[in-house]
Structures are given as structure tokens and as C-alpha cells.
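Only one structure is covered here, and it is reproduced in the block below.
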Amino acid sequence: MTFDLDRAWRVDPRVSMRPEPFGALLYHFGTRRLSFLKNQTVLAVVRSLADHPSARAACLASGVAEAELPAYARALAALADSNMITERIPA
Amino acid sequence: MTVAPDMAVAPDTGGKAPAPGKLTDLFQLGLDAPICLTWELTYACNLSCVHCLSSSGRRDPRELTTAECKSVIDTLERMQVFYVNIGGGEPTVRPDFWELVDYATAHHVGVKFSTNGVRLDAAAAARLAASDYVDVQISLDGATREVNDAVRGPGSFDTAMRAMGNLRDAGFRGFKLSVVMTRQNIPQIEEFKAIAEEYGAQLRLTRLRPSGRGADVWDELHPLPAQQKQLYDWLVGHGEQVLTGDSFFHLSAFGGALPGLNLCGAGRVVCLIDPVGDVYACPFAIHENFLAGNVRETGGFEGVWKTSSLFNDLRKPDTGGACKSCGFYDSCRGGCMAAKFFTGLPLDGPDPECVQGYGEAALASVSASAGLPVPRPSVDHSHRTSPSRPRASVPVTIARRRPPAHDCDESPLAGFEAPSPDGASGGCCR
């Protein structure tokens, strides 16, 4: 699926996130599935999704360069596919 | 643990921290807290399964108290352990079982517990169906009463089916039907799938290991080489719908990797807390060689996980040992540590069920060297009515690792041989 960087997202409330040296582990209590964030930047992006009007804004605020956005969109798409993150109504 | 196929979520560019390509590389050096923590709450059990990995039966008088268990849960919450796999023994026979489940979920520690179903009546099923944070695994090792009860004991098939019926009737969807794959039940794999579908359960298949009483029956129960291939092909075909506890990574040397984590997680992402608080590297390694510490020590479980010298050793990169020159080492990583240990094989060599055949050769050389006793589990809580086992103080029996089954053998499996679809013979494990 294509991921809409310009929409507002958040981490599902049933997801628990645990920082690890390589990034973080995510566990969804509803689906009982595990996911991984393999670096600190993507962790910062995911953590701040709810604080920004769009995923794009969260990426840029975490130091992601424009050229890197497609790679981060792919990572976020995978998280959305597994319901780790969900769309929210912007504040 | 079943690690979903979506686990590898990361941009392949950017990032200040290194972004290693493979999960095995990420996990090889260990984690700040386990992902897959098994906690055997009691050695007490109403059954005496012949292959019990923890040699359970009788309650240990030193069992952790309710207060001590809650203190462990507090630690797990602090360490952000997402969930614990509770087992035993039969965990539900502890009088404080539900109290501990409620305490764990109230403290953000999810619970998945394994049970033979003995206490899963309609009321318990309704209570479980109401929670997102509790999952259940019903153990069944035969798709028919005959095959199951030969391993798990008379009445155990009916108990499990009754429990699954209660869960279904309570509306609990997606509980787990957990099967240890054996020579006798691999031909029933489609029947297990049908049972799971009938009850709205998810099938979970795991590997038989020569751990606990499993060492006594491994020769008769472990899948034959042709069955391992059959199982591998089936898992490749059904991988997305079937859980495996990541326990079949040794089969990856048949070809492509199976879904999940293809790495021994002992001490890295996995460990065991036993009923008396002892922490072992993995649930299949209840032996003093793999004992890392006890939760009753000053540092508690967190101290053991983070500072145990045994765990730190296990987190060093694998060298590959005798397997290093094998072209399949990257797939199977040498297989299961516990399976090697309890069959007397060196830990840095092939798995006894190595699908390339190196395990059989290694086992033959162990059998030939009669002076080297195969390690026995350090802890045994078997019911005293169970068939007795060779003791370490009787050297004559030690050397005879694999007594042949005779008709007069006490083992309930004596003479039992379920039909094999291809009539293949040979020897390998679960």
C-alpha cells in the first residue's frame, strides 16, 4: 500500500514500545504481533507522530532529509499495514 | 515467540545508528529485556506427559510465593517485557493463578499461558474471552485420542477438547492449539489444522526436544528424516497461518528460511524463570550448565538478565564451530543448543536432527564413546509413580542412552508406532 505522508497518524493505543540499542521493539496487544524499528531516527519519527499535523512534518522534525522521505514512507507503510500506527483526525 | 513477517521495519537509508540488514544480527548481541520470557509457575501437574520438557509432576515446596511472583511481575513491567509465556507444570492448578494473571495484565504485562485445559470450564473461558491481554494455548499432541493419550495420558484428549469447546462457546477467537510434532502425529498435521479451524483456534506447532522426560522418549518420538522434510514443506506452504514458536529453524537448511527468527534465542531474546525462581537460558535447558541465577537474589530478575556471565557468554557472536564450513550454516545457525546438549553433542557442532545428515554421524560417534555420559536434567519433579529413570550414580545405565523398547517396557509408548505415510525409517528429533 502507499503511505500518505500528508495525513495525521498516531501509534495505536494498544501498542507498547520498548527502546533497544538498535532502535525499538513494538508489540501490539490486540494483534499480538511484534515489529521492529531498526534505527533511532525512525523511532523518533514514530514517537512524535501524534505531535505533528502530518507524518511528513514528524519526519522532517526528526531530521529526515527530503531525499530520505520515500524510505521512511515505506517503513511507516509497513507499520500501518500491521496496525501499529493508525490515522487520526488532526487536532 | 512468533515474530511476524512484518518485523523488519526500517528505512534502508539514513539513520544515525547502524541499521544492520538481518534480524539475526540485531538480536545476536542480546536485548535489554527478553521478548520471549517463559515462566513456569509450578512443577505441579495433573498429567505426566512422557515428553514433559520440565519433568513436571510434583509441586516444589520452594515454589515462589504469591508476593514473590508479584514482585517478579513488577520487575517485568519496569523492563517493559511485553508478555510472558506462562507454563508449568499445569499453571492453572496454582490457587493464585487467576490472581497473578490479573496482576500481570493490570501492570501492562500480557499473559499467554499453556494449559492442558483441566481448569478451563465455561466460567474461566468467559473470563478469558473478555481480555485483550490474555491468550491461551491448549496443548494437544495427537489429533486422535489414541495418538494423544499415548503421550499425554488417558483422558487428556477429552480434557483438551472440552476446554477448546468452552473457549469457542465463550467467543474466544484465535486461541492457540499447541502441538509438539512427533513421529506419530506428523501424519495427522492436516487433522490438527481441521481441529483448529473447527474451534476457531490458531495452530501452533513446536519441536520435540530431548529435554526433561523428553530425553527418555526422544528416540521413539522424534520425527524421521523424511518427516522433517514433509514438515518443512508443510510449514513453507502454511507459514503465514501457523505459529511455530520459531522452533524449527534447524529445518531452514532444507532451503529457504521459515518465517520467524532463525536463531537460537537462548539468553539473547529468550529465557526461563522456573517455579523456584531459577533463571535458565531457555525453557528446554533446565540444567545447571544453563542456570544464570535466581530472581530471589538481590538484583532480582533484571540483575540476572543484565549481568549473568552465562548470558553474556551466550550473547557473543556464534563462531559456527564444526558447522562453520557447511554451506547451510547461515540458514540453520547450527540448530538448537538444548537438543545438542541433551543428546550429548558438542554445542558448537551440528544439531542432532541436522537435515544435512551431520547430526546422525555426530550421534553415532557419541554412542561409540561409552565413557562420556549424556547429561541428564538437573531437576526432576516427576510423579513418583512415573517410570523410573536411570540415575547418574549408576554408570552402567548412563552409557546406555537409548534402551530399546520391549513389550514389557513400562513406557506407555512401548510398541506404539503410528503408521508413517512413506514407511521411512531413520532417526531425528522434533
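Here's how to read the names in the C-alpha cells: chain A, B, ... by the order shown, residue numbers from 1 in each chain, ligand numbers from 1 in the order shown.
Here the helix (DSSP H, G or I) residues in range 23-60 of chain A, by DSSP on the backbone, are Gln40, Thr41, Val42, Leu43, Ala44, Val45, Val46, Arg47, Ser48, Leu49, Ala50, Asp51, Ala55, Arg56, Ala57, Ala58, Cys59 and Leu60 of chain A.
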Of the residues A:Ala80, A:Val46, A:Phe29, A:Ser62, which is the one nearest to Thr105 in chain B, using only C-alpha atoms?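 Distance minimum relative to Thr105 in chain B lands on A:Phe29.
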What are the closest atom pairs, with distances in Å to one decimal, for each residue of chain A lying within 12 Å of chain B, using only C-alpha atoms, rows by chain and rising residue number, as CSV?
```
residue,atom,partner,partner_atom,distance
A:Arg14,CA,B:Asp132,CA,9.2
A:Val15,CA,B:Phe82,CA,9.6
A:Ser16,CA,B:Phe82,CA,7.2
A:Met17,CA,B:Gln80,CA,8.2
A:Arg18,CA,B:Gln80,CA,6.4
A:Pro19,CA,B:Asp32,CA,8.4
A:Glu20,CA,B:Asp32,CA,6.3
A:Pro21,CA,B:Leu31,CA,7.7
A:Phe22,CA,B:Leu26,CA,6.9
A:Gly23,CA,B:Ala17,CA,8.1
A:Ala24,CA,B:Leu31,CA,10.0
A:Leu25,CA,B:Ile35,CA,8.8
A:Leu26,CA,B:Phe82,CA,8.8
A:Tyr27,CA,B:Phe82,CA,6.7
A:His28,CA,B:Phe82,CA,8.9
A:Phe29,CA,B:Tyr133,CA,6.3
A:Gly30,CA,B:Asp132,CA,6.0
A:Thr31,CA,B:Asp132,CA,9.0
A:Arg32,CA,B:Tyr133,CA,8.9
A:Arg33,CA,B:Ala4,CA,6.0
A:Leu34,CA,B:Val3,CA,5.9
A:Ser35,CA,B:Met7,CA,4.2
A:Phe36,CA,B:Met7,CA,5.3
A:Leu37,CA,B:Val9,CA,5.5
A:Lys38,CA,B:Ala10,CA,5.1
A:Asn39,CA,B:Ala17,CA,5.6
A:Gln40,CA,B:Ala17,CA,6.2
A:Thr41,CA,B:Gly15,CA,5.4
A:Val42,CA,B:Ala10,CA,7.1
A:Leu43,CA,B:Ala10,CA,9.4
A:Ala44,CA,B:Gly15,CA,10.4
A:Val45,CA,B:Gly15,CA,11.1
A:Val46,CA,B:Ala10,CA,11.2
A:Cys59,CA,B:Gly15,CA,11.5
A:Ser62,CA,B:Gly15,CA,10.2
A:Gly63,CA,B:Gly15,CA,9.1
A:Val64,CA,B:Gly14,CA,7.6
A:Ala65,CA,B:Gly14,CA,8.4
A:Glu66,CA,B:Gly14,CA,10.9
A:Ala67,CA,B:Gly14,CA,9.5
A:Glu68,CA,B:Gly14,CA,6.6
A:Leu69,CA,B:Pro11,CA,9.1
A:Pro70,CA,B:Pro11,CA,8.6
A:Ala71,CA,B:Pro11,CA,4.9
A:Tyr72,CA,B:Pro11,CA,5.3
A:Ala73,CA,B:Pro11,CA,8.2
A:Arg74,CA,B:Pro11,CA,7.1
A:Ala75,CA,B:Ala10,CA,5.2
A:Leu76,CA,B:Val9,CA,7.9
A:Ala77,CA,B:Val9,CA,9.2
A:Ala78,CA,B:Val9,CA,6.5
A:Leu79,CA,B:Val9,CA,7.2
A:Ala80,CA,B:Asp6,CA,10.4
A:Asp81,CA,B:Asp6,CA,8.5
A:Ser82,CA,B:Asp6,CA,7.2
A:Asn83,CA,B:Asp6,CA,10.7
A:Met84,CA,B:Asp6,CA,10.5
```
Residue among B:Ser54, B:Thr75, B:Asn46, B:Ser365 lying closest to Ser211 in chain B, counting only C-alpha atoms: B:Ser54
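DSSP on the backbone gives strand (DSSP E) for these parts of chain A: Trp9, Arg10, Val11, Val15, Ser16, Met17, Arg18, Pro19, Glu20, Gly23, Ala24, Leu25, Leu26, Tyr27, His28, Arg33, Leu34, Ser35, Phe36, Leu37, Ile85, Thr86 and Glu87 of chain A.
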Excluding Pro53 in chain A and any residue of its chain fewer than 3 positions from it, enumerate the residues within 10 Å of it, using only C-alpha atoms, and give them as a list in words.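 Contacts, in chain order: Asp6, Arg7, Ala8, Trp9, Leu49, Ala50, Arg56, Ala57, Ala58, Arg88, Ile89, Pro90 and Ala91 of chain A.
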Resulting file, chosen residues, N, CA and C atoms, as a PDB file, in the first residue's frame:
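Once written, out-v5.pdb looks like this:
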```
ATOM      1  N   ASP A   6       1.103  12.941   4.155  1.00  0.00           N
ATOM      2  CA  ASP A   6       0.495  14.235   4.498  1.00  0.00           C
ATOM      3  C   ASP A   6      -0.712  14.112   5.418  1.00  0.00           C
ATOM      4  N   ARG A   7      -1.012  12.891   5.818  1.00  0.00           N
ATOM      5  CA  ARG A   7      -2.089  12.719   6.785  1.00  0.00           C
ATOM      6  C   ARG A   7      -1.517  12.637   8.200  1.00  0.00           C
ATOM      7  N   ALA A   8      -2.426  12.749   9.152  1.00  0.00           N
ATOM      8  CA  ALA A   8      -2.017  12.705  10.564  1.00  0.00           C
ATOM      9  C   ALA A   8      -2.106  11.269  11.074  1.00  0.00           C
ATOM     10  N   TRP A   9      -1.090  10.833  11.800  1.00  0.00           N
ATOM     11  CA  TRP A   9      -1.017   9.450  12.279  1.00  0.00           C
ATOM     12  C   TRP A   9      -0.719   9.430  13.768  1.00  0.00           C
ATOM     13  N   LEU A  49       4.775  11.095  16.024  1.00  0.00           N
ATOM     14  CA  LEU A  49       3.692  11.185  15.027  1.00  0.00           C
ATOM     15  C   LEU A  49       2.496  11.975  15.545  1.00  0.00           C
ATOM     16  N   ALA A  50       2.119  11.705  16.793  1.00  0.00           N
ATOM     17  CA  ALA A  50       0.905  12.310  17.329  1.00  0.00           C
ATOM     18  C   ALA A  50       1.072  13.811  17.584  1.00  0.00           C
ATOM     19  N   ARG A  56       4.801  13.635   7.390  1.00  0.00           N
ATOM     20  CA  ARG A  56       5.909  14.351   6.761  1.00  0.00           C
ATOM     21  C   ARG A  56       6.543  15.322   7.763  1.00  0.00           C
ATOM     22  N   ALA A  57       5.689  16.054   8.474  1.00  0.00           N
ATOM     23  CA  ALA A  57       6.200  17.017   9.459  1.00  0.00           C
ATOM     24  C   ALA A  57       6.970  16.302  10.570  1.00  0.00           C
ATOM     25  N   ALA A  58       6.466  15.140  10.977  1.00  0.00           N
ATOM     26  CA  ALA A  58       7.164  14.380  12.022  1.00  0.00           C
ATOM     27  C   ALA A  58       8.537  13.941  11.523  1.00  0.00           C
ATOM     28  N   ARG A  88      -5.256   9.428  12.377  1.00  0.00           N
ATOM     29  CA  ARG A  88      -6.053  10.118  13.385  1.00  0.00           C
ATOM     30  C   ARG A  88      -6.622  11.387  12.769  1.00  0.00           C
ATOM     31  N   ILE A  89      -7.644  11.909  13.410  1.00  0.00           N
ATOM     32  CA  ILE A  89      -8.209  13.187  12.984  1.00  0.00           C
ATOM     33  C   ILE A  89      -7.261  14.274  13.488  1.00  0.00           C
ATOM     34  N   PRO A  90      -6.749  15.104  12.602  1.00  0.00           N
ATOM     35  CA  PRO A  90      -5.800  16.132  13.065  1.00  0.00           C
ATOM     36  C   PRO A  90      -6.455  17.061  14.079  1.00  0.00           C
ATOM     37  N   ALA A  91      -5.676  17.504  15.039  1.00  0.00           N
ATOM     38  CA  ALA A  91      -6.199  18.374  16.098  1.00  0.00           C
ATOM     39  C   ALA A  91      -6.585  19.724  15.515  1.00  0.00           C
TER      40      ALA A  91
END
```
Shortest interatomic distance to Asp121 in chain B - which of B:Val366, B:Leu167, B:Leu100, B:Ala44, counting only C-alpha atoms: B:Leu167
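Using only C-alpha atoms, the nearest neighbour of Cys336 in chain B within the list B:Cys323, B:Ala122, B:Ala163, B:Ala266 is B:Ala266.
Of the listed residues A:Val11, A:Ile85, A:Arg47, A:Asp4, the one whose atoms come nearest to Ala61 in chain A is A:Arg47, with distances taken using only C-alpha atoms.
Note that CA of Trp218 in chain B and CA of Cys52 in chain B are 10.9 Å apart.
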Between CA of Asp102 in chain B and CA of Ala281 in chain B, what is the spacing in Å?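 Distance reported for this atom pair: 26.6 Å.
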